[in-house]
file structure_17.cif (mmCIF, C-alpha atoms)
data_structure
loop_
_atom_site.label_atom_id
_atom_site.label_comp_id
_atom_site.auth_asym_id
_atom_site.auth_seq_id
_atom_site.Cartn_x
_atom_site.Cartn_y
_atom_site.Cartn_z
CA MET A 1 119.39 115.83 86.66
CA GLU A 2 118.86 115.10 83.02
CA PRO A 3 116.10 112.76 81.80
CA SER A 4 118.77 110.44 80.39
CA GLU A 5 119.79 109.65 83.96
CA VAL A 6 116.59 107.69 84.56
CA ARG A 7 117.40 103.99 84.78
CA PRO A 8 116.20 100.92 86.64
CA GLY A 9 116.81 101.57 90.31
CA SER A 10 116.36 105.35 90.06
CA LEU A 11 113.85 107.13 92.22
CA LEU A 12 111.38 109.63 90.85
CA LEU A 13 110.31 112.10 93.52
CA SER A 14 107.35 114.29 92.75
CA SER A 15 108.19 117.97 92.71
CA THR A 16 106.67 120.31 95.25
CA GLU A 17 104.54 121.72 92.40
CA LEU A 18 102.96 118.35 91.58
CA VAL A 19 99.91 118.51 93.85
CA GLU A 20 97.58 116.13 91.99
CA PRO A 21 96.58 113.64 94.75
CA THR A 22 97.67 110.47 92.95
CA PHE A 23 101.29 111.59 92.81
CA ARG A 24 101.62 114.25 95.52
CA ARG A 25 104.83 113.66 97.54
CA THR A 26 105.33 110.28 95.90
CA VAL A 27 108.51 108.28 95.62
CA ILE A 28 108.53 105.98 92.59
CA TYR A 29 111.07 103.22 92.18
CA VAL A 30 111.89 102.77 88.48
CA ILE A 31 111.80 99.11 87.44
CA GLU A 32 112.14 99.58 83.68
CA HIS A 33 113.12 102.52 81.50
CA ASN A 34 113.80 102.09 77.79
CA GLU A 35 112.73 103.35 74.36
CA SER A 36 109.30 101.74 74.81
CA GLY A 37 108.53 103.64 78.00
CA SER A 38 108.96 103.44 81.74
CA LEU A 39 107.48 101.44 84.58
CA GLY A 40 107.80 101.85 88.33
CA VAL A 41 105.98 101.51 91.62
CA VAL A 42 105.06 104.09 94.23
CA LEU A 43 106.97 103.14 97.38
CA ASN A 44 105.11 105.28 99.89
CA ARG A 45 101.40 104.47 99.51
CA PRO A 46 100.35 101.63 101.83
CA SER A 47 96.77 100.45 101.44
CA ASP A 48 94.41 99.21 104.13
CA THR A 49 94.44 95.70 102.65
CA ALA A 50 96.66 93.10 104.32
CA VAL A 51 98.85 90.90 102.12
CA GLN A 52 97.32 88.01 104.08
CA ASN A 53 93.92 88.74 102.51
CA VAL A 54 95.18 88.44 98.94
CA LEU A 55 98.41 86.42 98.94
CA PRO A 56 98.47 84.45 102.20
CA ALA A 57 101.55 82.40 101.25
CA TRP A 58 103.61 85.60 100.91
CA ALA A 59 102.19 87.41 103.97
CA PRO A 60 104.69 86.09 106.53
CA HIS A 61 107.55 87.32 104.33
CA ALA A 62 106.25 90.82 103.65
CA VAL A 63 108.01 93.57 105.57
CA ARG A 64 105.98 95.72 107.96
CA PRO A 65 103.45 96.95 107.51
CA GLN A 66 102.32 93.71 105.94
CA ALA A 67 99.92 95.58 103.69
CA LEU A 68 99.58 95.80 99.96
CA PHE A 69 101.06 99.05 98.66
CA VAL A 70 99.37 101.03 95.90
CA GLY A 71 102.07 100.92 93.23
CA GLY A 72 100.25 103.30 90.92
CA PRO A 73 97.07 103.94 89.01
CA ILE A 74 97.59 101.35 86.26
CA LYS A 75 96.28 97.74 86.51
CA ARG A 76 95.21 97.84 90.14
CA ASP A 77 93.76 94.37 89.67
CA SER A 78 97.24 92.87 89.41
CA ALA A 79 100.13 92.59 91.85
CA LEU A 80 103.87 92.73 91.55
CA CYS A 81 106.51 92.21 94.17
CA LEU A 82 109.91 93.69 94.88
CA GLY A 83 112.35 91.96 97.16
CA LEU A 84 115.64 92.82 98.81
CA LEU A 85 118.33 90.18 98.33
CA LYS A 86 120.47 89.20 101.27
CA PRO A 87 124.01 90.58 100.89
CA GLY A 88 126.16 88.40 98.65
CA VAL A 89 123.29 86.50 97.01
CA ILE A 90 123.64 86.13 93.24
CA THR A 91 120.42 85.75 91.23
CA ASP A 92 121.96 84.03 88.20
CA GLU A 93 119.91 80.96 87.35
CA VAL A 94 117.51 81.46 90.28
CA GLY A 95 114.00 81.00 88.94
CA GLY A 96 111.41 83.40 90.28
CA LEU A 97 113.78 86.37 90.74
CA ARG A 98 114.71 89.04 88.22
CA GLN A 99 117.33 91.58 89.20
CA VAL A 100 116.33 95.22 88.84
CA GLU A 101 119.35 96.98 90.35
CA GLY A 102 121.87 95.90 92.97
CA ARG A 103 120.11 93.96 95.72
CA VAL A 104 116.59 94.82 94.47
CA VAL A 105 114.78 92.09 92.54
CA MET A 106 111.33 91.47 91.14
CA VAL A 107 109.82 88.40 92.75
CA ASP A 108 107.50 86.06 90.87
CA LEU A 109 104.44 85.77 93.11
CA ASP A 110 103.56 82.47 91.42
CA ALA A 111 106.81 80.93 92.68
CA GLU A 112 106.96 78.90 95.87
CA PRO A 113 107.81 81.35 98.69
CA ASP A 114 109.83 78.75 100.62
CA ASP A 115 112.21 78.44 97.64
CA LEU A 116 112.93 82.19 97.45
CA VAL A 117 112.58 83.52 100.99
CA PRO A 118 115.96 82.16 102.19
CA LEU A 119 117.59 84.45 99.60
CA LEU A 120 115.68 87.59 100.63
CA ASP A 121 115.74 90.12 103.45
CA GLY A 122 112.09 90.94 102.78
CA VAL A 123 109.47 91.57 100.13
CA ARG A 124 106.90 94.26 99.44
CA VAL A 125 103.79 93.58 97.36
CA PHE A 126 102.27 96.30 95.17
CA VAL A 127 98.90 96.49 93.46
CA GLY A 128 99.08 98.48 90.26
CA TYR A 129 102.02 100.40 88.90
CA ALA A 130 103.00 103.75 87.43
CA GLY A 131 103.76 103.73 83.73
CA TRP A 132 104.71 106.10 80.95
CA SER A 133 104.61 105.55 77.20
CA ALA A 134 107.66 106.30 75.06
CA GLY A 135 108.77 109.89 75.63
CA GLN A 136 106.03 110.68 78.18
CA LEU A 137 108.33 110.59 81.21
CA ASP A 138 110.90 112.73 79.40
CA THR A 139 108.18 115.34 78.83
CA GLU A 140 107.21 115.29 82.51
CA LEU A 141 110.88 115.58 83.53
CA ALA A 142 111.34 118.55 81.19
CA SER A 143 108.33 120.16 82.92
CA SER A 144 110.06 119.61 86.29
CA ASP A 145 107.25 117.36 87.55
CA TRP A 146 109.79 114.84 88.86
CA MET A 147 113.26 114.79 90.38
CA VAL A 148 115.47 111.84 89.43
CA LEU A 149 117.51 110.70 92.43
CA PRO A 150 119.55 107.64 93.40
CA SER A 151 117.94 104.97 95.54
CA LEU A 152 119.17 102.90 98.44
CA PRO A 153 118.26 99.21 98.37
CA THR A 154 116.33 99.60 101.63
CA ASP A 155 114.01 102.21 100.09
CA VAL A 156 111.85 99.42 98.62
CA VAL A 157 111.17 97.93 102.05
CA MET A 158 110.91 101.14 104.10
CA PRO A 159 108.10 101.09 106.67
CA GLY A 160 104.91 102.56 105.24
CA ARG A 161 104.46 105.38 107.73
CA VAL A 162 107.96 106.81 107.23
CA ASP A 163 108.11 110.10 105.29
CA LEU A 164 110.16 108.51 102.50
CA TRP A 165 109.80 111.59 100.27
CA GLY A 166 111.40 113.76 102.95
CA ARG A 167 113.97 111.14 103.91
CA VAL A 168 115.23 110.77 100.32
CA LEU A 169 115.51 114.56 99.97
CA ARG A 170 117.34 114.96 103.30
CA ARG A 171 120.12 112.65 102.11
CA GLN A 172 120.75 114.81 99.02
CA PRO A 173 123.35 117.59 98.89
CA MET A 174 122.29 121.16 99.62
CA PRO A 175 120.27 123.01 98.46
CA LEU A 176 118.11 120.05 97.33
CA ALA A 177 117.97 118.71 100.90
CA LEU A 178 116.05 121.84 101.94
CA LEU A 179 113.03 120.66 99.94
CA ALA A 180 112.46 118.04 102.64
CA THR A 181 111.08 120.84 104.82
CA HIS A 182 108.50 121.88 102.22
CA PRO A 183 105.04 121.71 103.82
CA VAL A 184 102.54 119.15 102.57
CA ASP A 185 99.93 121.88 102.16
CA VAL A 186 101.41 125.32 101.51
CA ASP A 187 98.03 126.98 102.13
CA ARG A 188 97.97 125.61 105.68
CA ASN A 189 101.52 126.64 106.52
#
call {"tool": "encode", "arguments": {"input": "structure_17.cif", "output": "structure tokens"}}
result
Amino acid sequence: MEPSEVRPGSLLLSSTELVEPTFRRTVIYVIEHNESGSLGVVLNRPSDTAVQNVLPAWAPHAVRPQALFVGGPIKRDSALCLGLLKPGVITDEVGGLRQVEGRVVMVDLDAEPDDLVPLLDGVRVFVGYAGWSAGQLDTELASSDWMVLPSLPTDVVMPGRVDLWGRVLRRQPMPLALLATHPVDVDRN
């Protein structure tokens, strides 16, 4: 896919050649992509910290595992939240929610959970994010560091121990789907 196909709601899957530990076999959900740069969160890196320990009001509404997810290496002292709207819910004029793509919204963690939870099928809280300055992501895409693929709304709330990288690849047409069988460590294969 071409770099111009990156948009909010796209997934960036690390290539099999990207073995640097921070991004190895990562699935990044793109929240923003414009001329200023790009921002997303890693969907498949649960931490050992419970949401209850940091944001107790949101903990009962976080999907399992109810852990903070490491959204990326930038600003790990801050949190952001993605939520999945219930089917048919419209976010127009709903304070505390900002639509990203389809049913996926950013949730204002300073909002009152009881006001927003009835509209949501679940939330996931991330510490940190992945970000690229203007043109940086395009350079990485040209180097084949990332694959740009479509997302499903449920990707943002997928259980933490699921092999999301492999699952996303398996739903792609052949021959791309074959990459799902690529070993985590080629040297140990």
call {"tool": "resolve_selection", "arguments": {"input": "structure_17.cif", "expression": "the PyMOL selection byres ((chain A and resi 108) around 8)", "output": "PyMOL selection string"}}
result
chain A and resi 80-81+96-97+106-107+109-111
call {"tool": "residues_around", "arguments": {"input": "structure_17.cif", "residues": "A:Leu43", "least_positions_apart": "2", "cutoff": "7 Å", "atoms": "only C-alpha atoms", "output": "PyMOL selection string"}}
result
chain A and resi 27-29+41+45+71+156
call {"tool": "residues_around", "arguments": {"input": "structure_17.cif", "residues": "A:Gly160", "least_positions_apart": "2", "cutoff": "8 Å", "atoms": "all atoms listed in the file", "output": "list in words"}}
result
Asn44, Arg45, Pro46, Arg64, Pro65, Met158 and Val162 of chain A
call {"tool": "closest_residue", "arguments": {"input": "structure_17.cif", "among": "A:Leu82, A:Leu12, A:Leu137, A:Met174", "to": "A:Gly37", "atoms": "all atoms listed in the file"}}
result
A:Leu137
call {"tool": "resolve_selection", "arguments": {"input": "structure_17.cif", "expression": "the PyMOL selection byres ((chain A and resi 142-146) around 6)", "output": "NGL selection string"}}
result
:A and (12-15 or 18 or 139-141 or 147)
call {"tool": "resolve_selection", "arguments": {"input": "structure_17.cif", "expression": "the PyMOL selection byres ((chain A and resi 123) around 10)", "output": "count of residues only"}}
result
26
call {"tool": "residues_around", "arguments": {"input": "structure_17.cif", "residues": "A:His33", "least_positions_apart": "6", "cutoff": "12 Å", "atoms": "all atoms listed in the file", "output": "ChimeraX atom specification"}}
result
/A:3-12,39-40,100,130-138
call {"tool": "closest_residue", "arguments": {"input": "structure_17.cif", "among": "A:Leu116, A:Leu169, A:Ile31, A:Ala50", "to": "A:Val89", "atoms": "all atoms listed in the file"}}
result
A:Leu116
call {"tool": "closest_residue", "arguments": {"input": "structure_17.cif", "among": "A:Ser36, A:Ser78, A:Thr16, A:Ser151", "to": "A:His182", "atoms": "only C-alpha atoms"}}
result
A:Thr16
call {"tool": "atom_distance", "arguments": {"input": "structure_17.cif", "atom1": "atom CA of A:Thr154", "atom2": "atom CA of A:Ile74"}}
result
24.3 Å
call {"tool": "closest_residue", "arguments": {"input": "structure_17.cif", "among": "A:Gln99, A:Pro21, A:Pro87, A:Val148", "to": "A:Pro118", "atoms": "only C-alpha atoms"}}
result
A:Pro87
call {"tool": "atom_distance", "arguments": {"input": "structure_17.cif", "atom1": "atom CA of A:Ile90", "atom2": "atom CA of A:Leu152"}}
result
18.1 Å
call {"tool": "atom_distance", "arguments": {"input": "structure_17.cif", "atom1": "atom CA of A:Ala79", "atom2": "atom CA of A:Ala67"}}
result
12.2 Å
call {"tool": "closest_residue", "arguments": {"input": "structure_17.cif", "among": "A:Val30, A:Val70, A:Val19, A:Leu55", "to": "A:Gly128", "atoms": "all atoms listed in the file"}}
result
A:Val70
call {"tool": "axis_aligned_box", "arguments": {"input": "structure_17.cif", "around": "stretch 122-128 of chain A", "padding_each_side": "4 Å", "output": "AutoDock Vina command-line options"}}
result
--center_x 105.5 --center_y 94.7 --center_z 96.5 --size_x 21.2 --size_y 15.5 --size_z 20.5
